[in-house]
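**Student:** Below is the file run_2.cif, which contains mmCIF, C-alpha atoms.
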```cif
data_coords
#
loop_
_atom_site.label_atom_id
_atom_site.label_comp_id
_atom_site.auth_asym_id
_atom_site.auth_seq_id
_atom_site.Cartn_x
_atom_site.Cartn_y
_atom_site.Cartn_z
CA MET A 18 -11.58 5.34 23.29
CA THR A 19 -13.45 2.40 21.79
CA SER A 20 -12.58 -1.14 22.88
CA ARG A 21 -12.26 -2.04 19.19
CA TYR A 22 -8.51 -1.35 19.22
CA VAL A 23 -7.69 -2.55 22.73
CA ARG A 24 -5.46 -5.44 21.58
CA GLN A 25 -3.12 -3.17 19.63
CA GLN A 26 -3.27 -0.43 22.27
CA ILE A 27 -1.74 -2.90 24.73
CA LEU A 28 1.47 -2.77 22.71
CA PRO A 29 3.93 -0.30 24.28
CA GLU A 30 4.69 1.16 20.85
CA ILE A 31 1.01 2.04 20.36
CA GLY A 32 -0.85 2.83 23.57
CA ILE A 33 -3.65 5.40 23.67
CA GLU A 34 -1.42 8.11 22.20
CA GLY A 35 -0.39 5.97 19.26
CA GLN A 36 -3.95 4.87 18.59
CA THR A 37 -5.08 8.49 18.63
CA THR A 38 -2.37 9.29 16.09
CA ILE A 39 -3.44 6.39 13.87
CA GLN A 40 -7.05 7.53 13.99
CA ALA A 41 -5.96 11.02 12.94
CA GLY A 42 -3.91 9.58 10.06
CA ARG A 43 -4.66 10.21 6.40
CA VAL A 44 -3.38 7.71 3.84
CA LEU A 45 -3.57 7.60 0.04
CA ILE A 46 -3.51 4.15 -1.58
CA ILE A 47 -2.93 4.04 -5.31
CA GLY A 48 -4.05 0.71 -6.71
CA ALA A 49 -6.89 -1.49 -5.45
CA GLY A 50 -5.60 -4.85 -6.65
CA GLY A 51 -3.63 -7.67 -5.07
CA LEU A 52 -1.61 -5.30 -2.88
CA GLY A 53 -4.09 -2.49 -2.35
CA THR A 54 -6.94 -4.64 -1.08
CA HIS A 55 -4.74 -6.14 1.64
CA VAL A 56 -3.17 -2.80 2.59
CA ALA A 57 -6.51 -1.03 2.79
CA ALA A 58 -8.16 -3.80 4.82
CA HIS A 59 -5.42 -3.74 7.47
CA LEU A 60 -5.36 0.06 7.72
CA VAL A 61 -9.11 0.36 8.10
CA ALA A 62 -9.18 -2.46 10.65
CA SER A 63 -6.43 -0.64 12.59
CA GLY A 64 -8.46 2.58 12.63
CA VAL A 65 -6.70 4.91 10.17
CA GLY A 66 -8.93 7.98 10.08
CA VAL A 67 -9.07 8.78 6.37
CA LEU A 68 -8.23 6.36 3.59
CA ASN A 69 -8.54 7.35 -0.07
CA VAL A 70 -8.13 4.68 -2.76
CA ILE A 71 -7.43 5.39 -6.43
CA ASP A 72 -7.89 2.79 -9.16
CA PHE A 73 -9.09 2.94 -12.77
CA ASP A 74 -9.95 -0.72 -13.21
CA VAL A 75 -13.01 -2.89 -12.72
CA VAL A 76 -13.18 -6.23 -10.93
CA GLU A 77 -12.49 -9.22 -13.17
CA GLU A 78 -12.95 -12.90 -12.42
CA SER A 79 -9.19 -13.44 -12.63
CA ASN A 80 -8.75 -10.99 -9.74
CA LEU A 81 -10.72 -13.04 -7.24
CA HIS A 82 -7.99 -15.51 -6.27
CA ARG A 83 -5.83 -12.79 -4.71
CA GLN A 84 -8.05 -9.70 -4.23
CA LEU A 85 -9.96 -11.25 -1.39
CA LEU A 86 -12.51 -8.53 -0.64
CA PHE A 87 -14.10 -8.85 -4.07
CA THR A 88 -16.78 -11.43 -4.85
CA PRO A 89 -18.25 -12.76 -8.10
CA HIS A 90 -21.10 -10.26 -7.65
CA ASP A 91 -18.56 -7.41 -7.94
CA VAL A 92 -17.27 -8.42 -11.38
CA GLY A 93 -17.55 -5.48 -13.76
CA ARG A 94 -17.79 -2.87 -11.00
CA PRO A 95 -15.06 -0.24 -10.29
CA LYS A 96 -12.53 -1.64 -7.83
CA ALA A 97 -11.99 1.62 -5.96
CA GLN A 98 -15.68 2.15 -5.27
CA VAL A 99 -16.38 -1.46 -4.30
CA LEU A 100 -13.39 -1.56 -1.95
CA ALA A 101 -14.28 1.77 -0.34
CA GLN A 102 -17.86 0.71 0.28
CA LYS A 103 -16.93 -2.62 1.84
CA LEU A 104 -14.26 -1.12 4.10
CA GLN A 105 -16.54 1.72 5.16
CA ASN A 106 -19.01 -0.93 6.32
CA GLN A 107 -16.24 -2.85 8.08
CA ASN A 108 -15.28 0.19 10.17
CA PRO A 109 -17.81 3.04 10.09
CA THR A 110 -15.57 5.21 12.29
CA CYS A 111 -13.13 5.58 9.37
CA THR A 112 -13.70 7.65 6.26
CA VAL A 113 -12.98 5.61 3.14
CA ASN A 114 -13.26 7.12 -0.33
CA GLY A 115 -12.82 5.48 -3.72
CA LEU A 116 -11.70 7.55 -6.71
CA VAL A 117 -12.02 5.96 -10.14
CA GLY A 118 -9.26 6.97 -12.56
CA ARG A 119 -5.63 6.51 -13.50
CA VAL A 120 -3.21 8.23 -11.16
CA GLU A 121 -1.60 9.97 -14.14
CA GLU A 122 -4.99 11.53 -14.98
CA VAL A 123 -6.16 12.53 -11.50
CA SER A 124 -2.84 13.58 -9.93
CA SER A 125 -3.38 17.24 -10.85
CA SER A 126 -6.33 17.31 -8.45
CA LEU A 127 -4.42 15.57 -5.65
CA ASP A 128 -2.83 17.63 -2.91
CA LEU A 129 -0.38 15.30 -1.20
CA SER A 130 -0.02 17.74 1.69
CA ASN A 131 -3.41 16.40 2.81
CA TYR A 132 -1.89 12.97 3.42
CA ASP A 133 0.59 11.58 5.93
CA VAL A 134 1.67 8.60 3.81
CA VAL A 135 1.22 7.41 0.22
CA CYS A 136 1.12 3.70 -0.76
CA ASP A 137 2.10 2.53 -4.23
CA CYS A 138 0.08 -0.61 -4.89
CA THR A 139 0.18 -0.38 -8.67
CA ASP A 140 1.50 -2.94 -11.12
CA ASN A 141 2.95 -1.01 -14.05
CA LEU A 142 6.13 0.96 -14.61
CA GLY A 143 4.52 4.18 -15.80
CA SER A 144 2.35 4.56 -12.71
CA ARG A 145 5.23 3.65 -10.40
CA GLN A 146 7.43 6.34 -11.91
CA HIS A 147 4.63 8.90 -11.76
CA ILE A 148 3.86 8.20 -8.11
CA ASN A 149 7.56 8.30 -7.26
CA ALA A 150 7.89 11.74 -8.90
CA MET A 151 4.79 13.02 -7.08
CA CYS A 152 6.08 11.98 -3.67
CA LYS A 153 9.56 13.24 -4.38
CA GLN A 154 8.24 16.68 -5.25
CA ALA A 155 5.97 16.75 -2.20
CA THR A 156 8.59 15.13 0.09
CA LYS A 157 5.90 12.69 1.17
CA PRO A 158 6.77 9.20 2.52
CA LEU A 159 6.02 6.52 -0.05
CA VAL A 160 5.53 2.90 0.98
CA TYR A 161 6.36 0.87 -2.10
CA ALA A 162 5.91 -2.80 -2.88
CA ALA A 163 6.27 -5.01 -5.92
CA LEU A 164 5.75 -8.71 -6.37
CA THR A 165 5.83 -11.59 -8.79
CA GLY A 166 5.33 -15.30 -8.39
CA TRP A 167 6.41 -16.21 -4.86
CA GLU A 168 8.59 -13.10 -4.36
CA GLY A 169 7.89 -9.68 -2.92
CA TYR A 170 9.77 -6.45 -2.24
CA VAL A 171 8.85 -3.70 0.23
CA THR A 172 10.58 -0.42 1.02
CA VAL A 173 9.97 3.14 2.25
CA LEU A 174 10.98 5.98 -0.07
CA HIS A 175 11.23 9.77 0.26
CA HIS A 176 11.48 9.65 4.03
CA GLN A 177 14.41 10.78 6.18
CA ARG A 178 17.01 8.98 4.04
CA ASN A 179 15.58 10.56 0.83
CA ILE A 180 15.80 7.29 -1.11
CA ASP A 181 14.30 7.50 -4.61
CA LEU A 182 12.61 4.60 -6.42
CA ASN A 183 15.39 4.66 -8.99
CA ASP A 184 17.93 4.12 -6.19
CA ALA A 185 16.17 0.90 -5.19
CA PHE A 186 15.38 -0.65 -8.56
CA GLN A 187 16.70 -0.62 -12.09
CA LEU A 188 13.57 0.77 -13.69
CA THR A 189 13.81 -0.11 -17.34
CA GLY A 190 11.22 -1.77 -19.53
CA ASP A 191 13.18 -5.03 -19.71
CA GLY A 192 14.27 -4.91 -16.10
CA MET A 193 10.74 -4.52 -14.77
CA ASN A 194 9.25 -7.44 -16.71
CA VAL A 195 10.34 -9.66 -13.86
CA LEU A 196 7.95 -7.72 -11.60
CA ASP A 197 4.98 -8.01 -13.96
CA CYS A 198 2.41 -10.41 -12.53
CA ALA A 199 0.48 -10.51 -15.79
CA VAL A 200 3.60 -11.98 -17.42
CA ASN A 201 4.94 -14.22 -14.67
CA GLY A 202 1.91 -14.89 -12.48
CA VAL A 203 1.61 -14.44 -8.72
CA MET A 204 0.48 -16.37 -5.65
CA SER A 205 -2.38 -15.06 -3.54
CA THR A 206 -0.23 -15.58 -0.45
CA THR A 207 2.54 -13.43 -1.94
CA CYS A 208 0.06 -10.58 -2.32
CA GLY A 209 -1.10 -11.07 1.25
CA LEU A 210 2.41 -11.05 2.69
CA ALA A 211 3.57 -7.99 0.74
CA GLY A 212 0.36 -6.06 1.39
CA THR A 213 0.50 -6.81 5.09
CA LEU A 214 4.12 -5.67 5.25
CA GLN A 215 3.18 -2.47 3.43
CA ALA A 216 0.36 -1.76 5.87
CA ASN A 217 2.75 -2.43 8.74
CA GLU A 218 5.16 0.20 7.40
CA VAL A 219 2.34 2.72 7.06
CA LEU A 220 1.24 2.23 10.66
CA LYS A 221 4.81 2.55 11.92
CA LEU A 222 5.26 5.76 9.94
CA LEU A 223 2.05 7.18 11.40
CA ILE A 224 3.17 6.58 14.99
CA GLY A 225 6.65 7.95 14.29
CA SER A 226 8.53 4.68 14.70
CA THR A 227 12.18 4.62 13.69
CA GLU A 228 11.91 0.91 12.85
CA VAL A 229 10.79 1.44 9.27
CA LEU A 230 12.28 0.33 5.95
CA ASP A 231 13.72 3.77 5.26
CA GLY A 232 16.92 3.19 3.32
CA LYS A 233 16.32 -0.56 3.32
CA ILE A 234 14.47 -3.02 1.16
CA LEU A 235 12.84 -6.17 2.47
CA CYS A 236 12.86 -9.05 -0.03
CA PHE A 237 11.12 -12.34 0.54
CA ASN A 238 10.63 -15.64 -1.22
CA ALA A 239 7.53 -17.32 0.14
CA LEU A 240 8.27 -20.60 -1.63
CA LYS A 241 11.65 -21.00 0.11
CA ASN A 242 10.61 -19.18 3.32
CA VAL A 243 13.50 -16.74 2.94
CA PHE A 244 13.34 -13.10 4.13
CA ARG A 245 16.28 -10.72 3.65
CA THR A 246 16.75 -7.01 4.30
CA PHE A 247 19.28 -4.99 2.28
CA ARG A 248 20.54 -1.47 2.85
CA LEU A 249 20.13 1.03 0.02
CA ASN A 250 22.55 3.78 -0.93
CA SER A 251 21.08 7.06 -2.18
#
```
Write the structure described by the file as structure tokens, please.

**Tutor:**
Amino acid sequence: MTSRYVRQQILPEIGIEGQTTIQAGRVLIIGAGGLGTHVAAHLVASGVGVLNVIDFDVVEESNLHRQLLFTPHDVGRPKAQVLAQKLQNQNPTCTVNGLVGRVEEVSSSLDLSNYDVVCDCTDNLGSRQHINAMCKQATKPLVYAALTGWEGYVTVLHHQRNIDLNDAFQLTGDGMNVLDCAVNGVMSTTCGLAGTLQANEVLKLLIGSTEVLDGKILCFNALKNVFRTFRLNS
């Protein structure tokens, strides 16, 4: 076993067995923006074996303040491909693939049975609902996050408690405007916090931890330094 992961292997919850499990893990990240870049970076650094990233968009200058792996030289290039290439270089022992396209368009070619965990890092209601339906049908754990301004929300869906996205949020057009960063703006640090928490949930799911946000939602306000966890009823 490489010394690369020795600091996390020291943790009793990880050890050699847990690290081996992480390195055998297969994760699908949908969205390579403010959330997805942070999630993917942590998972690759931690040694997740296969990481596939889906995103239809290209890098824009307005992305650079919060999507920290992109540079001005990447503007105009597909996010998924740029992110995959950079993370593959960061950890060559992992397999990182970037698929360019909208999840609604490419989902027919996706077999979720090939993945251990799915991450929703998108920022629009239609994609969120589509991903939720995909994971529900495949009974595949979905690590979900949403953010706006200084606030973020993280939860685990379709795991042992069988919580659906619609159980956690009131998903209506008006109700979701509050979670639209294009409308309300967002802090780079909010993206970093939420993305890190998402990655943390993925890693805990891979090692079989019971300390995951299954049936709970973690809400934080980074401006006021307030973190709260609420139980969800299915």

**Student:** Which residues match the PyMOL selection byres ((chain A and resi 84) around 8) in the file above, as an MDAnalysis selection string?

**Tutor:** chainID A and resid 50:52 54:55 80:83 85:87 205

**Student:** Enumerate, as a ChimeraX atom specification, the residues matched when the PyMOL selection byres ((chain A and resi 174) around 7) is run on the file above.

**Tutor:** /A:158-160,172-173,175-176,179-182,231

**Student:** How would you write, as a PyMOL selection string, the residues chosen by the PyMOL selection byres ((chain A and resi 124) around 12) on this structure?

**Tutor:** chain A and resi 45+47+71-72+116-123+125-129+144+147-152

**Student:** Between A:Pro95, A:Gly166, A:Gly53, A:Gly64, single out the one closest to A:Gly35, counting all atoms listed in the file.

**Tutor:**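 Looking only at the distances to A:Gly35, the closest residue turns out to be A:Gly64.
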
**Student:** Can you check which parts of stretch 91-165 of chain A lie within 12 Å of stretch 216-226 of chain A? Per residue, the shortest pair of atoms and distance in Å to one decimal, counting all atoms listed in the file, sorted by chain and number, as a tab-separated table.

**Tutor:**
```
residue	atom	partner	partner_atom	distance
A:Tyr132	CA	A:Leu223	CA	10.6
A:Asp133	CA	A:Leu223	CA	7.2
A:Val134	CA	A:Val219	CA	6.8
A:Val135	CA	A:Val219	CA	8.4
A:Cys136	CA	A:Val219	CA	8.0
A:Asp137	CA	A:Ala216	CA	11.1
A:Cys138	CA	A:Ala216	CA	10.8
A:Lys157	CA	A:Leu222	CA	11.2
A:Pro158	CA	A:Leu222	CA	8.3
A:Leu159	CA	A:Val219	CA	8.9
A:Val160	CA	A:Val219	CA	6.9
A:Tyr161	CA	A:Glu218	CA	9.6
A:Ala162	CA	A:Ala216	CA	10.4
```

**Student:** Which distance in Å separates atom CA of A:Ala57 and atom CA of A:Arg21, to one decimal?

**Tutor:**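 Here the two named atoms are 17.4 Å from each other.
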
**Student:** Can you tell me how far atom CA of A:Val203 sits from atom CA of A:Glu168, in Å to one decimal?

**Tutor:** 8.3 Å

**Student:** Could you check which of A:Arg248, A:Lys96, A:Lys241, A:Arg178 is closest to A:Thr227, using all atoms listed in the file?

**Tutor:**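 Closest candidate: A:Arg178.
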
**Student:** Could you jot down the atom CA of A:Glu34 to atom CA of A:Gln215 separation for me, Å, one decimal place?

**Tutor:**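 Straight-line distance from atom CA of A:Glu34 to atom CA of A:Gln215 works out to 22.0 Å.
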
**Student:** Choose the residue, out of A:Leu230, A:Val67, A:Leu142, A:Val75, that has the smallest atom-to-atom separation from A:Asn108; count only C-alpha atoms.

**Tutor:**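 Closest candidate: A:Val67.
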
**Student:** I need the residue nearest A:Asn141 from this list: A:Leu164, A:Val171, A:Val56, A:Ala185. Use all atoms listed in the file for the distance.

**Tutor:**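 That would be A:Leu164, the residue with the smallest distance to A:Asn141.
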
**Student:** Determine the nearest neighbour of A:Asn250 from the options A:Lys153, A:Arg43, A:Arg24, A:Lys233, counting only C-alpha atoms.

**Tutor:**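 Nearest candidate to A:Asn250 out of A:Lys153, A:Arg43, A:Arg24, A:Lys233: A:Lys233.
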
**Student:** Output requested as a PDB file, in the coordinates of the input - stretch 128-159 of chain A, filled out with N, CA and C atoms.

**Tutor:**
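The resulting file, part-v6.pdb, is reproduced below:
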```pdb
ATOM      1  N   ASP A 128      -3.731  16.820  -3.721  1.00  0.00           N
ATOM      2  CA  ASP A 128      -2.830  17.630  -2.910  1.00  0.00           C
ATOM      3  C   ASP A 128      -2.221  16.699  -1.859  1.00  0.00           C
ATOM      4  N   LEU A 129      -0.987  16.277  -2.101  1.00  0.00           N
ATOM      5  CA  LEU A 129      -0.380  15.300  -1.200  1.00  0.00           C
ATOM      6  C   LEU A 129      -0.113  15.859   0.193  1.00  0.00           C
ATOM      7  N   SER A 130      -0.185  17.175   0.341  1.00  0.00           N
ATOM      8  CA  SER A 130      -0.020  17.740   1.690  1.00  0.00           C
ATOM      9  C   SER A 130      -1.172  17.349   2.604  1.00  0.00           C
ATOM     10  N   ASN A 131      -2.267  16.856   2.016  1.00  0.00           N
ATOM     11  CA  ASN A 131      -3.410  16.400   2.810  1.00  0.00           C
ATOM     12  C   ASN A 131      -3.222  14.997   3.372  1.00  0.00           C
ATOM     13  N   TYR A 132      -2.116  14.354   3.002  1.00  0.00           N
ATOM     14  CA  TYR A 132      -1.890  12.970   3.420  1.00  0.00           C
ATOM     15  C   TYR A 132      -0.608  12.856   4.242  1.00  0.00           C
ATOM     16  N   ASP A 133      -0.605  11.877   5.138  1.00  0.00           N
ATOM     17  CA  ASP A 133       0.590  11.580   5.930  1.00  0.00           C
ATOM     18  C   ASP A 133       1.510  10.613   5.196  1.00  0.00           C
ATOM     19  N   VAL A 134       0.915   9.656   4.483  1.00  0.00           N
ATOM     20  CA  VAL A 134       1.670   8.600   3.810  1.00  0.00           C
ATOM     21  C   VAL A 134       0.962   8.252   2.507  1.00  0.00           C
ATOM     22  N   VAL A 135       1.756   7.895   1.492  1.00  0.00           N
ATOM     23  CA  VAL A 135       1.220   7.410   0.220  1.00  0.00           C
ATOM     24  C   VAL A 135       1.679   5.961   0.045  1.00  0.00           C
ATOM     25  N   CYS A 136       0.787   5.107  -0.472  1.00  0.00           N
ATOM     26  CA  CYS A 136       1.120   3.700  -0.760  1.00  0.00           C
ATOM     27  C   CYS A 136       1.041   3.464  -2.246  1.00  0.00           C
ATOM     28  N   ASP A 137       2.112   2.948  -2.830  1.00  0.00           N
ATOM     29  CA  ASP A 137       2.100   2.530  -4.230  1.00  0.00           C
ATOM     30  C   ASP A 137       1.755   1.058  -4.286  1.00  0.00           C
ATOM     31  N   CYS A 138       0.538   0.769  -4.741  1.00  0.00           N
ATOM     32  CA  CYS A 138       0.080  -0.610  -4.890  1.00  0.00           C
ATOM     33  C   CYS A 138      -0.248  -0.901  -6.349  1.00  0.00           C
ATOM     34  N   THR A 139       0.433  -0.213  -7.257  1.00  0.00           N
ATOM     35  CA  THR A 139       0.180  -0.380  -8.670  1.00  0.00           C
ATOM     36  C   THR A 139       1.016  -1.524  -9.234  1.00  0.00           C
ATOM     37  N   ASP A 140       0.810  -1.801 -10.519  1.00  0.00           N
ATOM     38  CA  ASP A 140       1.500  -2.940 -11.120  1.00  0.00           C
ATOM     39  C   ASP A 140       2.063  -2.621 -12.502  1.00  0.00           C
ATOM     40  N   ASN A 141       2.344  -1.343 -12.759  1.00  0.00           N
ATOM     41  CA  ASN A 141       2.950  -1.010 -14.050  1.00  0.00           C
ATOM     42  C   ASN A 141       3.987   0.089 -13.869  1.00  0.00           C
ATOM     43  N   LEU A 142       4.980   0.085 -14.739  1.00  0.00           N
ATOM     44  CA  LEU A 142       6.130   0.960 -14.610  1.00  0.00           C
ATOM     45  C   LEU A 142       5.762   2.426 -14.701  1.00  0.00           C
ATOM     46  N   GLY A 143       4.880   2.781 -15.635  1.00  0.00           N
ATOM     47  CA  GLY A 143       4.520   4.180 -15.800  1.00  0.00           C
ATOM     48  C   GLY A 143       3.910   4.776 -14.555  1.00  0.00           C
ATOM     49  N   SER A 144       2.987   4.058 -13.936  1.00  0.00           N
ATOM     50  CA  SER A 144       2.350   4.560 -12.710  1.00  0.00           C
ATOM     51  C   SER A 144       3.348   4.630 -11.569  1.00  0.00           C
ATOM     52  N   ARG A 145       4.223   3.642 -11.473  1.00  0.00           N
ATOM     53  CA  ARG A 145       5.230   3.650 -10.400  1.00  0.00           C
ATOM     54  C   ARG A 145       6.131   4.873 -10.497  1.00  0.00           C
ATOM     55  N   GLN A 146       6.567   5.172 -11.706  1.00  0.00           N
ATOM     56  CA  GLN A 146       7.430   6.340 -11.910  1.00  0.00           C
ATOM     57  C   GLN A 146       6.681   7.628 -11.604  1.00  0.00           C
ATOM     58  N   HIS A 147       5.418   7.692 -11.998  1.00  0.00           N
ATOM     59  CA  HIS A 147       4.630   8.900 -11.760  1.00  0.00           C
ATOM     60  C   HIS A 147       4.417   9.133 -10.275  1.00  0.00           C
ATOM     61  N   ILE A 148       4.074   8.076  -9.547  1.00  0.00           N
ATOM     62  CA  ILE A 148       3.860   8.200  -8.110  1.00  0.00           C
ATOM     63  C   ILE A 148       5.164   8.581  -7.410  1.00  0.00           C
ATOM     64  N   ASN A 149       6.261   7.972  -7.827  1.00  0.00           N
ATOM     65  CA  ASN A 149       7.560   8.300  -7.260  1.00  0.00           C
ATOM     66  C   ASN A 149       7.877   9.787  -7.438  1.00  0.00           C
ATOM     67  N   ALA A 150       7.623  10.316  -8.632  1.00  0.00           N
ATOM     68  CA  ALA A 150       7.890  11.740  -8.900  1.00  0.00           C
ATOM     69  C   ALA A 150       6.988  12.638  -8.056  1.00  0.00           C
ATOM     70  N   MET A 151       5.724  12.252  -7.902  1.00  0.00           N
ATOM     71  CA  MET A 151       4.790  13.020  -7.080  1.00  0.00           C
ATOM     72  C   MET A 151       5.279  13.130  -5.642  1.00  0.00           C
ATOM     73  N   CYS A 152       5.659  11.991  -5.068  1.00  0.00           N
ATOM     74  CA  CYS A 152       6.080  11.980  -3.670  1.00  0.00           C
ATOM     75  C   CYS A 152       7.417  12.667  -3.472  1.00  0.00           C
ATOM     76  N   LYS A 153       8.281  12.548  -4.465  1.00  0.00           N
ATOM     77  CA  LYS A 153       9.560  13.240  -4.380  1.00  0.00           C
ATOM     78  C   LYS A 153       9.359  14.749  -4.347  1.00  0.00           C
ATOM     79  N   GLN A 154       8.502  15.242  -5.209  1.00  0.00           N
ATOM     80  CA  GLN A 154       8.240  16.680  -5.250  1.00  0.00           C
ATOM     81  C   GLN A 154       7.585  17.175  -3.973  1.00  0.00           C
ATOM     82  N   ALA A 155       6.697  16.355  -3.409  1.00  0.00           N
ATOM     83  CA  ALA A 155       5.970  16.750  -2.200  1.00  0.00           C
ATOM     84  C   ALA A 155       6.689  16.357  -0.922  1.00  0.00           C
ATOM     85  N   THR A 156       7.855  15.683  -1.053  1.00  0.00           N
ATOM     86  CA  THR A 156       8.590  15.130   0.090  1.00  0.00           C
ATOM     87  C   THR A 156       7.634  14.374   1.029  1.00  0.00           C
ATOM     88  N   LYS A 157       6.903  13.461   0.424  1.00  0.00           N
ATOM     89  CA  LYS A 157       5.900  12.690   1.170  1.00  0.00           C
ATOM     90  C   LYS A 157       6.347  11.226   1.231  1.00  0.00           C
ATOM     91  N   PRO A 158       6.357  10.602   2.416  1.00  0.00           N
ATOM     92  CA  PRO A 158       6.770   9.200   2.520  1.00  0.00           C
ATOM     93  C   PRO A 158       5.949   8.296   1.605  1.00  0.00           C
ATOM     94  N   LEU A 159       6.644   7.436   0.886  1.00  0.00           N
ATOM     95  CA  LEU A 159       6.020   6.520  -0.050  1.00  0.00           C
ATOM     96  C   LEU A 159       6.355   5.085   0.356  1.00  0.00           C
TER      97      LEU A 159
END
```
